[in-house]
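One file, data_14.pdb, carrying PDB, C-alpha atoms:
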```
ATOM      1  CA  MET Z   1      92.475 -13.827 282.176
ATOM      2  CA  LEU Z   2      93.723 -15.052 278.836
ATOM      3  CA  THR Z   3      97.215 -16.361 278.515
ATOM      4  CA  LYS Z   4      99.555 -14.950 275.886
ATOM      5  CA  LYS Z   5      98.980 -18.063 273.761
ATOM      6  CA  GLY Z   6      95.220 -17.631 274.020
ATOM      7  CA  GLN Z   7      95.489 -13.976 273.034
ATOM      8  CA  PHE Z   8      97.603 -14.893 270.032
ATOM      9  CA  ASP Z   9      95.141 -17.618 268.980
ATOM     10  CA  ILE Z  10      92.303 -15.101 268.941
ATOM     11  CA  ALA Z  11      94.386 -12.596 266.967
ATOM     12  CA  ARG Z  12      95.457 -15.348 264.569
ATOM     13  CA  LYS Z  13      91.861 -16.389 263.905
ATOM     14  CA  THR Z  14      90.909 -12.769 263.334
ATOM     15  CA  ILE Z  15      93.677 -12.335 260.766
ATOM     16  CA  TYR Z  16      92.770 -15.635 259.124
ATOM     17  CA  TRP Z  17      89.099 -14.730 258.802
ATOM     18  CA  MET Z  18      89.922 -11.264 257.508
ATOM     19  CA  ILE Z  19      91.856 -12.802 254.616
ATOM     20  CA  ALA Z  20      89.416 -15.681 254.210
ATOM     21  CA  GLY Z  21      86.526 -13.176 254.213
ATOM     22  CA  VAL Z  22      88.058 -11.361 251.272
ATOM     23  CA  MET Z  23      88.563 -14.697 249.493
ATOM     24  CA  ILE Z  24      84.993 -15.851 250.171
ATOM     25  CA  THR Z  25      83.674 -12.538 248.869
ATOM     26  CA  LEU Z  26      85.763 -12.928 245.724
ATOM     27  CA  ILE Z  27      84.499 -16.490 245.257
ATOM     28  CA  VAL Z  28      80.863 -15.415 245.606
ATOM     29  CA  LEU Z  29      81.436 -12.541 243.147
ATOM     30  CA  ALA Z  30      83.169 -14.855 240.686
ATOM     31  CA  PHE Z  31      80.227 -17.278 240.856
ATOM     32  CA  ALA Z  32      77.815 -14.427 240.273
ATOM     33  CA  PHE Z  33      79.849 -13.284 237.238
ATOM     34  CA  ILE Z  34      80.101 -16.790 235.827
ATOM     35  CA  PHE Z  35      76.366 -17.437 236.089
ATOM     36  CA  GLY Z  36      75.491 -13.942 234.871
ATOM     37  CA  GLY Z  37      77.721 -14.453 231.831
ATOM     38  CA  TYR Z  38      76.342 -17.938 231.319
ATOM     39  CA  LYS Z  39      72.774 -16.657 231.335
ATOM     40  CA  SER Z  40      73.535 -14.041 228.698
ATOM     41  CA  LYS Z  41      75.455 -16.585 226.590
ATOM     42  CA  LEU Z  42      72.613 -19.073 226.903
ATOM     43  CA  THR Z  43      70.010 -16.613 225.663
ATOM     44  CA  TYR Z  44      72.228 -15.168 222.912
ATOM     45  CA  VAL Z  45      70.988 -15.802 219.388
ATOM     46  CA  PRO Z  46      73.809 -15.801 216.798
ATOM     47  CA  GLY Z  47      73.662 -12.756 214.512
ATOM     48  CA  GLU Z  48      73.511 -14.909 211.409
ATOM     49  CA  ILE Z  49      70.227 -16.467 212.547
ATOM     50  CA  ARG Z  50      68.695 -13.075 213.328
ATOM     51  CA  ALA Z  51      69.913 -11.707 210.000
ATOM     52  CA  GLU Z  52      68.441 -14.717 208.183
ATOM     53  CA  TYR Z  53      65.033 -14.084 209.758
ATOM     54  CA  ILE Z  54      65.127 -10.389 208.891
ATOM     55  CA  ALA Z  55      66.335 -11.091 205.354
ATOM     56  CA  LEU Z  56      63.412 -13.451 204.668
ATOM     57  CA  ARG Z  57      61.308 -10.372 204.006
ATOM     58  CA  PHE Z  58      63.280  -9.307 200.943
ATOM     59  CA  ALA Z  59      62.014 -12.076 198.698
ATOM     60  CA  ASN Z  60      58.796 -13.022 200.494
ATOM     61  CA  ASN Z  61      57.042  -9.834 201.530
ATOM     62  CA  GLU Z  62      55.157  -7.644 199.109
ATOM     63  CA  GLU Z  63      56.170  -4.599 201.137
ATOM     64  CA  CYS Z  64      59.717  -5.411 200.092
ATOM     65  CA  PHE Z  65      60.359  -6.822 196.636
ATOM     66  CA  ALA Z  66      58.103  -9.860 196.288
ATOM     67  CA  TRP Z  67      55.942  -9.751 193.190
ATOM     68  CA  GLN Z  68      52.237  -9.162 193.787
ATOM     69  CA  ASP Z  69      50.021  -9.874 190.792
ATOM     70  CA  VAL Z  70      46.909  -7.933 189.818
ATOM     71  CA  SER Z  71      44.666 -10.220 191.832
ATOM     72  CA  GLY Z  72      46.668  -9.396 194.945
ATOM     73  CA  ILE Z  73      48.398 -12.763 195.274
ATOM     74  CA  VAL Z  74      51.941 -12.446 196.560
ATOM     75  CA  HIS Z  75      54.443 -14.740 194.844
ATOM     76  CA  ALA Z  76      57.021 -15.505 197.502
ATOM     77  CA  GLY Z  77      60.506 -15.980 196.105
ATOM     78  CA  ILE Z  78      59.808 -13.954 192.943
ATOM     79  CA  ILE Z  79      61.276 -10.460 192.958
ATOM     80  CA  ASP Z  80      59.524  -7.730 191.057
ATOM     81  CA  ILE Z  81      62.408  -5.864 189.441
ATOM     82  CA  SER Z  82      60.417  -2.623 189.327
ATOM     83  CA  LYS Z  83      60.225  -2.719 193.126
ATOM     84  CA  PHE Z  84      63.906  -3.387 193.602
ATOM     85  CA  THR Z  85      64.867   0.184 194.475
ATOM     86  CA  ASP Z  86      66.454   2.032 197.374
ATOM     87  CA  GLU Z  87      63.229   3.965 197.758
ATOM     88  CA  GLN Z  88      61.152   0.792 198.240
ATOM     89  CA  MET Z  89      63.758  -0.504 200.682
ATOM     90  CA  ASN Z  90      63.737   2.634 202.779
ATOM     91  CA  THR Z  91      60.056   3.457 202.687
ATOM     92  CA  SER Z  92      58.259   0.196 203.341
ATOM     93  CA  CYS Z  93      60.753  -2.656 203.562
ATOM     94  CA  TYR Z  94      63.516  -2.007 206.086
ATOM     95  CA  PHE Z  95      64.486   1.222 207.709
ATOM     96  CA  THR Z  96      66.712   1.959 210.692
ATOM     97  CA  ASN Z  97      66.860   5.051 212.869
ATOM     98  CA  LEU Z  98      68.679   7.874 211.096
ATOM     99  CA  ASN Z  99      71.012   8.638 214.009
ATOM    100  CA  GLN Z 100      71.448   5.317 215.824
ATOM    101  CA  GLY Z 101      70.574   2.904 213.019
ATOM    102  CA  TYR Z 102      74.195   1.936 212.428
ATOM    103  CA  GLU Z 103      73.973  -0.080 215.662
ATOM    104  CA  GLU Z 104      71.348  -2.345 214.124
ATOM    105  CA  PHE Z 105      71.358  -4.815 211.249
ATOM    106  CA  ASN Z 106      71.846  -3.190 207.875
ATOM    107  CA  PHE Z 107      71.927  -4.835 204.481
ATOM    108  CA  GLY Z 108      73.417  -4.397 201.067
ATOM    109  CA  VAL Z 109      71.302  -6.424 198.643
ATOM    110  CA  THR Z 110      72.504  -7.398 195.164
ATOM    111  CA  LEU Z 111      70.868  -9.306 192.327
ATOM    112  CA  GLU Z 112      73.798 -11.263 190.930
ATOM    113  CA  ASN Z 113      72.791 -11.646 187.265
ATOM    114  CA  GLU Z 114      70.988  -8.326 186.986
ATOM    115  CA  LYS Z 115      73.989  -6.593 188.606
ATOM    116  CA  LYS Z 116      71.660  -4.333 190.505
ATOM    117  CA  SER Z 117      72.371  -3.310 194.088
ATOM    118  CA  ILE Z 118      70.450  -1.479 196.743
ATOM    119  CA  ARG Z 119      71.112  -0.885 200.415
ATOM    120  CA  THR Z 120      69.447   0.031 203.658
ATOM    121  CA  ASN Z 121      69.845   3.554 204.983
ATOM    122  CA  ASN Z 122      72.696   2.846 207.417
ATOM    123  CA  TYR Z 123      74.689   0.328 205.394
ATOM    124  CA  TYR Z 124      78.354   1.370 205.082
ATOM    125  CA  HIS Z 125      79.894  -1.728 203.440
ATOM    126  CA  LYS Z 126      81.217  -3.142 206.716
ATOM    127  CA  ASP Z 127      80.152  -6.687 205.932
ATOM    128  CA  ASP Z 128      80.106  -9.203 208.754
ATOM    129  CA  TYR Z 129      78.804 -12.073 206.636
ATOM    130  CA  THR Z 130      76.911 -12.792 203.457
ATOM    131  CA  LEU Z 131      73.672 -14.654 202.853
ATOM    132  CA  PHE Z 132      72.585 -16.151 199.534
ATOM    133  CA  LYS Z 133      69.062 -16.788 198.306
ATOM    134  CA  GLU Z 134      68.030 -18.421 195.066
ATOM    135  CA  VAL Z 135      65.210 -16.321 193.631
ATOM    136  CA  LEU Z 136      63.303 -15.671 190.457
ATOM    137  CA  ILE Z 137      62.967 -12.172 189.094
ATOM    138  CA  ARG Z 138      60.120 -10.758 187.092
ATOM    139  CA  ASP Z 139      61.235  -8.033 184.739
ATOM    140  CA  GLU Z 140      59.242  -5.099 183.312
ATOM    141  CA  ASN Z 141      58.026  -7.262 180.406
ATOM    142  CA  GLY Z 142      56.680  -9.933 182.720
ATOM    143  CA  LEU Z 143      59.453 -12.389 181.898
ATOM    144  CA  ILE Z 144      60.633 -14.614 184.708
ATOM    145  CA  LYS Z 145      64.345 -15.334 185.080
ATOM    146  CA  LYS Z 146      66.487 -17.096 187.584
ATOM    147  CA  ASP Z 147      68.838 -15.085 189.768
ATOM    148  CA  ARG Z 148      70.575 -15.101 193.087
ATOM    149  CA  LEU Z 149      70.058 -12.583 195.837
ATOM    150  CA  ILE Z 150      73.302 -11.764 197.629
ATOM    151  CA  ILE Z 151      72.670 -10.169 200.989
ATOM    152  CA  TYR Z 152      75.643  -8.477 202.663
ATOM    153  CA  VAL Z 153      74.983  -8.155 206.368
ATOM    154  CA  GLN Z 154      76.419  -5.385 208.526
ATOM    155  CA  GLU Z 155      75.624  -6.243 212.149
ATOM    156  CA  LYS Z 156      76.643  -2.969 213.703
ATOM    157  CA  ILE Z 157      79.417  -0.416 213.589
TER
ATOM    158  CA  MET H   1     105.422 -19.656 270.477
ATOM    159  CA  ARG H   2     106.575 -22.582 268.338
ATOM    160  CA  MET H   3     102.998 -23.978 268.522
ATOM    161  CA  ASN H   4     101.652 -20.675 267.275
ATOM    162  CA  LYS H   5     104.033 -20.625 264.314
ATOM    163  CA  ARG H   6     102.920 -24.128 263.390
ATOM    164  CA  GLY H   7      99.329 -23.044 263.712
ATOM    165  CA  MET H   8      99.960 -20.103 261.403
ATOM    166  CA  MET H   9     101.574 -22.390 258.861
ATOM    167  CA  ASP H  10      98.516 -24.674 259.105
ATOM    168  CA  ASP H  11      96.251 -21.713 258.423
ATOM    169  CA  PHE H  12      98.442 -20.598 255.566
ATOM    170  CA  PHE H  13      98.339 -24.016 253.900
ATOM    171  CA  ASP H  14      94.572 -24.263 254.463
ATOM    172  CA  PHE H  15      94.264 -20.947 252.769
ATOM    173  CA  ILE H  16      96.469 -21.917 249.821
ATOM    174  CA  PHE H  17      94.589 -25.206 249.475
ATOM    175  CA  THR H  18      91.235 -23.382 249.456
ATOM    176  CA  ALA H  19      92.487 -20.918 246.839
ATOM    177  CA  ILE H  20      93.812 -23.666 244.550
ATOM    178  CA  ALA H  21      90.652 -25.772 244.971
ATOM    179  CA  ALA H  22      88.512 -22.726 244.189
ATOM    180  CA  PHE H  23      90.599 -21.986 241.083
ATOM    181  CA  PHE H  24      90.156 -25.499 239.707
ATOM    182  CA  LEU H  25      86.468 -25.550 240.623
ATOM    183  CA  PHE H  26      85.926 -22.271 238.759
ATOM    184  CA  SER H  27      87.918 -23.438 235.780
ATOM    185  CA  PHE H  28      85.861 -26.622 235.606
ATOM    186  CA  ILE H  29      82.502 -24.859 235.963
ATOM    187  CA  PHE H  30      83.480 -22.143 233.490
ATOM    188  CA  TRP H  31      84.778 -24.642 230.926
ATOM    189  CA  THR H  32      81.708 -26.892 231.254
ATOM    190  CA  LEU H  33      79.219 -24.061 230.872
ATOM    191  CA  ASP H  34      81.157 -22.357 228.086
ATOM    192  CA  TYR H  35      81.577 -25.605 226.171
ATOM    193  CA  SER H  36      77.864 -26.442 226.388
ATOM    194  CA  VAL H  37      76.932 -22.989 225.071
ATOM    195  CA  LYS H  38      79.484 -23.148 222.236
ATOM    196  CA  ASP H  39      78.266 -26.611 221.371
ATOM    197  CA  SER H  40      74.625 -25.526 221.184
ATOM    198  CA  ASN H  41      75.571 -22.451 219.114
ATOM    199  CA  GLU H  42      77.473 -24.629 216.660
ATOM    200  CA  GLU H  43      74.468 -26.916 216.424
ATOM    201  CA  SER H  44      72.178 -23.950 215.772
ATOM    202  CA  MET H  45      74.486 -22.756 212.988
ATOM    203  CA  ALA H  46      74.552 -26.227 211.458
ATOM    204  CA  VAL H  47      70.742 -26.306 211.502
ATOM    205  CA  LEU H  48      70.702 -22.842 209.893
ATOM    206  CA  LYS H  49      73.112 -23.930 207.135
ATOM    207  CA  ASN H  50      70.978 -26.976 206.456
ATOM    208  CA  TYR H  51      67.855 -24.815 206.361
ATOM    209  CA  GLN H  52      69.544 -22.452 203.889
ATOM    210  CA  ARG H  53      70.512 -25.380 201.679
ATOM    211  CA  LEU H  54      66.981 -26.829 201.743
ATOM    212  CA  ASP H  55      65.441 -23.401 201.142
ATOM    213  CA  SER H  56      67.710 -22.847 198.144
ATOM    214  CA  ALA H  57      66.948 -26.336 196.843
ATOM    215  CA  VAL H  58      63.197 -25.689 197.021
ATOM    216  CA  SER H  59      63.732 -22.337 195.276
ATOM    217  CA  ASN H  60      65.756 -24.073 192.560
ATOM    218  CA  LEU H  61      62.950 -26.561 191.912
ATOM    219  CA  ARG H  62      60.367 -23.806 191.908
ATOM    220  CA  SER H  63      62.510 -21.939 189.389
ATOM    221  CA  GLU H  64      62.607 -25.020 187.190
ATOM    222  CA  ALA H  65      58.830 -25.325 187.367
ATOM    223  CA  TYR H  66      58.388 -21.643 186.457
ATOM    224  CA  LEU H  67      60.915 -21.861 183.654
ATOM    225  CA  GLY H  68      59.172 -24.805 182.074
ATOM    226  CA  TYR H  69      61.413 -27.740 182.980
ATOM    227  CA  ASN H  70      59.544 -30.977 183.296
ATOM    228  CA  LEU H  71      59.487 -32.165 186.896
ATOM    229  CA  GLU H  72      56.785 -34.739 186.380
ATOM    230  CA  GLY H  73      57.647 -38.016 187.996
ATOM    231  CA  ALA H  74      60.754 -36.597 189.609
ATOM    232  CA  ASP H  75      61.424 -37.536 193.204
ATOM    233  CA  LEU H  76      61.461 -34.018 194.622
ATOM    234  CA  ASP H  77      62.227 -35.140 198.180
ATOM    235  CA  ALA H  78      65.343 -36.950 197.002
ATOM    236  CA  LYS H  79      66.407 -33.960 194.906
ATOM    237  CA  ILE H  80      66.030 -31.610 197.873
ATOM    238  CA  LYS H  81      67.831 -33.953 200.244
ATOM    239  CA  GLU H  82      70.696 -34.561 197.841
ATOM    240  CA  SER H  83      71.221 -30.955 196.844
ATOM    241  CA  LYS H  84      74.706 -29.718 197.617
ATOM    242  CA  ILE H  85      76.506 -26.419 197.807
ATOM    243  CA  LEU H  86      79.108 -25.687 195.152
ATOM    244  CA  GLY H  87      80.996 -22.408 195.438
ATOM    245  CA  GLY H  88      78.245 -20.845 197.558
ATOM    246  CA  LYS H  89      75.545 -21.908 195.098
ATOM    247  CA  THR H  90      73.062 -24.654 195.851
ATOM    248  CA  ILE H  91      72.928 -27.310 193.151
ATOM    249  CA  THR H  92      69.682 -29.269 193.048
ATOM    250  CA  ASP H  93      69.403 -30.175 189.400
ATOM    251  CA  CYS H  94      71.400 -29.854 186.170
ATOM    252  CA  PRO H  95      70.058 -26.365 185.259
ATOM    253  CA  ASP H  96      71.657 -25.036 188.472
ATOM    254  CA  TYR H  97      75.112 -25.498 186.939
ATOM    255  CA  VAL H  98      76.004 -22.265 185.184
ATOM    256  CA  LYS H  99      79.427 -23.259 183.811
ATOM    257  CA  GLU H 100      80.028 -25.808 181.098
ATOM    258  CA  GLY H 101      82.852 -27.476 183.018
ATOM    259  CA  ASP H 102      80.718 -27.969 186.110
ATOM    260  CA  CYS H 103      77.833 -29.241 183.994
ATOM    261  CA  THR H 104      79.963 -31.826 182.228
ATOM    262  CA  ASN H 105      81.937 -32.965 185.263
ATOM    263  CA  ASN H 106      78.947 -32.878 187.632
ATOM    264  CA  PRO H 107      81.137 -32.350 190.750
ATOM    265  CA  VAL H 108      78.293 -32.702 193.267
ATOM    266  CA  GLY H 109      77.338 -36.089 191.791
ATOM    267  CA  LEU H 110      73.750 -35.500 190.724
ATOM    268  CA  TYR H 111      71.916 -38.587 189.525
ATOM    269  CA  SER H 112      74.661 -40.972 190.529
ATOM    270  CA  TRP H 113      71.844 -43.414 191.330
ATOM    271  CA  ALA H 114      69.619 -42.826 188.300
ATOM    272  CA  LYS H 115      69.727 -43.156 184.542
ATOM    273  CA  SER H 116      70.159 -39.429 184.082
ATOM    274  CA  PHE H 117      73.099 -37.131 183.521
ATOM    275  CA  CYS H 118      73.837 -33.471 182.902
ATOM    276  CA  ARG H 119      74.786 -32.182 179.444
ATOM    277  CA  TRP H 120      75.745 -28.688 178.332
ATOM    278  CA  ASN H 121      73.517 -27.254 175.608
ATOM    279  CA  GLU H 122      75.812 -25.022 173.564
ATOM    280  CA  GLU H 123      72.945 -23.320 171.718
ATOM    281  CA  ARG H 124      70.992 -22.307 174.800
ATOM    282  CA  LYS H 125      74.144 -21.922 176.916
ATOM    283  CA  LYS H 126      72.462 -23.957 179.615
ATOM    284  CA  CYS H 127      72.995 -27.183 181.452
ATOM    285  CA  GLU H 128      70.275 -29.718 180.844
ATOM    286  CA  ARG H 129      69.263 -33.016 182.349
ATOM    287  CA  ILE H 130      69.220 -35.966 179.977
ATOM    288  CA  THR H 131      67.314 -39.074 181.044
ATOM    289  CA  LEU H 132      67.986 -42.364 179.326
ATOM    290  CA  ALA H 133      64.995 -44.454 178.408
TER
END
```

Can the structure in the file be given as structure tokens, please?
Amino acid sequence: MLTKKGQFDIARKTIYWMIAGVMITLIVLAFAFIFGGYKSKLTYVPGEIRAEYIALRFANNEECFAWQDVSGIVHAGIIDISKFTDEQMNTSCYFTNLNQGYEEFNFGVTLENEKKSIRTNNYYHKDDYTLFKEVLIRDENGLIKKDRLIIYVQEKI
Amino acid sequence: MRMNKRGMMDDFFDFIFTAIAAFFLFSFIFWTLDYSVKDSNEESMAVLKNYQRLDSAVSNLRSEAYLGYNLEGADLDAKIKESKILGGKTITDCPDYVKEGDCTNNPVGLYSWAKSFCRWNEERKKCERITLA
């Protein structure tokens, strides 16, 4: 037969562990959230680095604007001005999904001295940052000039 | 009954102590992890900026070679390493200055160690490197 004090002790421990149980659960959940968040932060690659990698194609890939001579050699860093069109951009260089593409990287690309601009199909001038690339351009007459490629990056809308 | 009240107070303070300790532990863990991630991101961005500067410097030198500037005997490694960014534009050599004022004043300090300097060519509207014999 338990005394009144004994009964109260048992009840007290029950109440304590009910509250402590809630606290322990919260602590475990908080730990899980912290480590979950940490994992995603740890594996996150800054947008500027991803954009830089994507933008490398503009001046270095013949499917974008890099000049390819008659022998088939691609001259990385030299832009063929005849290729620098929206059509080239959207057919073989960089294209995002028509409906959901605004959630991906989109670019507005300008040749500073030539004052010529093109853009990807879901670029709406919401610039998150700008990249610069020193390039050469080859005009229709085969002349090579110095220019700067300004790449406006829209991460997502 | 008095014993029980004291016991309850003990439990209450244990509980408060646990909660406060947990709060500080979480704050410490969160701060440490967050700081290490921010730090590594900043380092990545610094590496990226340096890569962009070097890439632009190499492009500048390639441009010079294509455009007929004489790079023979030039220490290309030193030029690339010492290139600097001025107003978003990478300056590797005198021809990279596009304004007369910049060319004359040479704000990034090109050739501070050599017998060369930048001079604006009014006829060609270009900045040129002059090397003293």

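Selection result for the displayed file, with the ChimeraX specification (/Z :<8) & /H as criterion, is Met1, Asn4, Met8, Asp11, Phe15, Ala19, Ala22, Phe26, Phe30, Leu33, Asp34, Val37, Asn41, Met45, Leu48, Gln52, Ser56, Ser59, Asn60, Ser63, Tyr66, Leu67, Gly88 and Lys89 of chain H.
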
Checklist entry - CA of Ser83 in chain H and CA of Cys118 in chain H, how far apart in Å? => result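 Separating CA of Cys118 in chain H from CA of Ser83 in chain H is a distance of 14.4 Å.
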
Checklist entry - Got a sec: who's within 10 Å of range 117-124 of chain Z, counting all atoms listed in the file, leaving out chain neighbours fewer than 6 positions off, as a ChimeraX atom specification? => result /Z:84-90,93-111,149-157

Could you write out that same residue set with C-alpha atoms as a PDB file, in the coordinates of the input?
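Resulting contents of selection_17.pdb:
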```pdb
ATOM      1  CA  PHE Z  84      63.906  -3.387 193.602  1.00  0.00           C
ATOM      2  CA  THR Z  85      64.867   0.184 194.475  1.00  0.00           C
ATOM      3  CA  ASP Z  86      66.454   2.032 197.374  1.00  0.00           C
ATOM      4  CA  GLU Z  87      63.229   3.965 197.758  1.00  0.00           C
ATOM      5  CA  GLN Z  88      61.152   0.792 198.240  1.00  0.00           C
ATOM      6  CA  MET Z  89      63.758  -0.504 200.682  1.00  0.00           C
ATOM      7  CA  ASN Z  90      63.737   2.634 202.779  1.00  0.00           C
ATOM      8  CA  CYS Z  93      60.753  -2.656 203.562  1.00  0.00           C
ATOM      9  CA  TYR Z  94      63.516  -2.007 206.086  1.00  0.00           C
ATOM     10  CA  PHE Z  95      64.486   1.222 207.709  1.00  0.00           C
ATOM     11  CA  THR Z  96      66.712   1.959 210.692  1.00  0.00           C
ATOM     12  CA  ASN Z  97      66.860   5.051 212.869  1.00  0.00           C
ATOM     13  CA  LEU Z  98      68.679   7.874 211.096  1.00  0.00           C
ATOM     14  CA  ASN Z  99      71.012   8.638 214.009  1.00  0.00           C
ATOM     15  CA  GLN Z 100      71.448   5.317 215.824  1.00  0.00           C
ATOM     16  CA  GLY Z 101      70.574   2.904 213.019  1.00  0.00           C
ATOM     17  CA  TYR Z 102      74.195   1.936 212.428  1.00  0.00           C
ATOM     18  CA  GLU Z 103      73.973  -0.080 215.662  1.00  0.00           C
ATOM     19  CA  GLU Z 104      71.348  -2.345 214.124  1.00  0.00           C
ATOM     20  CA  PHE Z 105      71.358  -4.815 211.249  1.00  0.00           C
ATOM     21  CA  ASN Z 106      71.846  -3.190 207.875  1.00  0.00           C
ATOM     22  CA  PHE Z 107      71.927  -4.835 204.481  1.00  0.00           C
ATOM     23  CA  GLY Z 108      73.417  -4.397 201.067  1.00  0.00           C
ATOM     24  CA  VAL Z 109      71.302  -6.424 198.643  1.00  0.00           C
ATOM     25  CA  THR Z 110      72.504  -7.398 195.164  1.00  0.00           C
ATOM     26  CA  LEU Z 111      70.868  -9.306 192.327  1.00  0.00           C
ATOM     27  CA  LEU Z 149      70.058 -12.583 195.837  1.00  0.00           C
ATOM     28  CA  ILE Z 150      73.302 -11.764 197.629  1.00  0.00           C
ATOM     29  CA  ILE Z 151      72.670 -10.169 200.989  1.00  0.00           C
ATOM     30  CA  TYR Z 152      75.643  -8.477 202.663  1.00  0.00           C
ATOM     31  CA  VAL Z 153      74.983  -8.155 206.368  1.00  0.00           C
ATOM     32  CA  GLN Z 154      76.419  -5.385 208.526  1.00  0.00           C
ATOM     33  CA  GLU Z 155      75.624  -6.243 212.149  1.00  0.00           C
ATOM     34  CA  LYS Z 156      76.643  -2.969 213.703  1.00  0.00           C
ATOM     35  CA  ILE Z 157      79.417  -0.416 213.589  1.00  0.00           C
TER      36      ILE Z 157
END
```

Item to check | Picked residues, the PyMOL selection byres ((chain H and resi 82) around 12), expected as a PyMOL selection string | outcome: chain H and resi 50+53-54+57-58+75-81+83-85+90-93+108-113

Next on the checklist: What would the selection look like, as JSON, numbers by chain, if the PyMOL selection byres ((chain Z and resi 61) around 12) were run on the coordinates I just shared?
Outcome noted: {"Z": [54, 55, 56, 57, 58, 59, 60, 62, 63, 64, 65, 66, 67, 68, 73, 74, 75, 76, 77, 78, 79, 80, 83, 88, 89, 92, 93, 94]}

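If you look at CA of Arg50 in chain Z and CA of Gly36 in chain Z, they are 22.6 Å away from each other.
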
Next on the checklist: To one decimal place in Å, what is the distance between CA of Phe13 in chain H and CA of Phe28 in chain H?
Outcome noted: 22.3 Å

Item to check | Neighbour list for Glu100 in chain H as a ChimeraX atom specification, cut-off 9 Å, only C-alpha atoms, skip fewer than 4 positions in-chain | outcome: /H:104-105,119-122,125-127
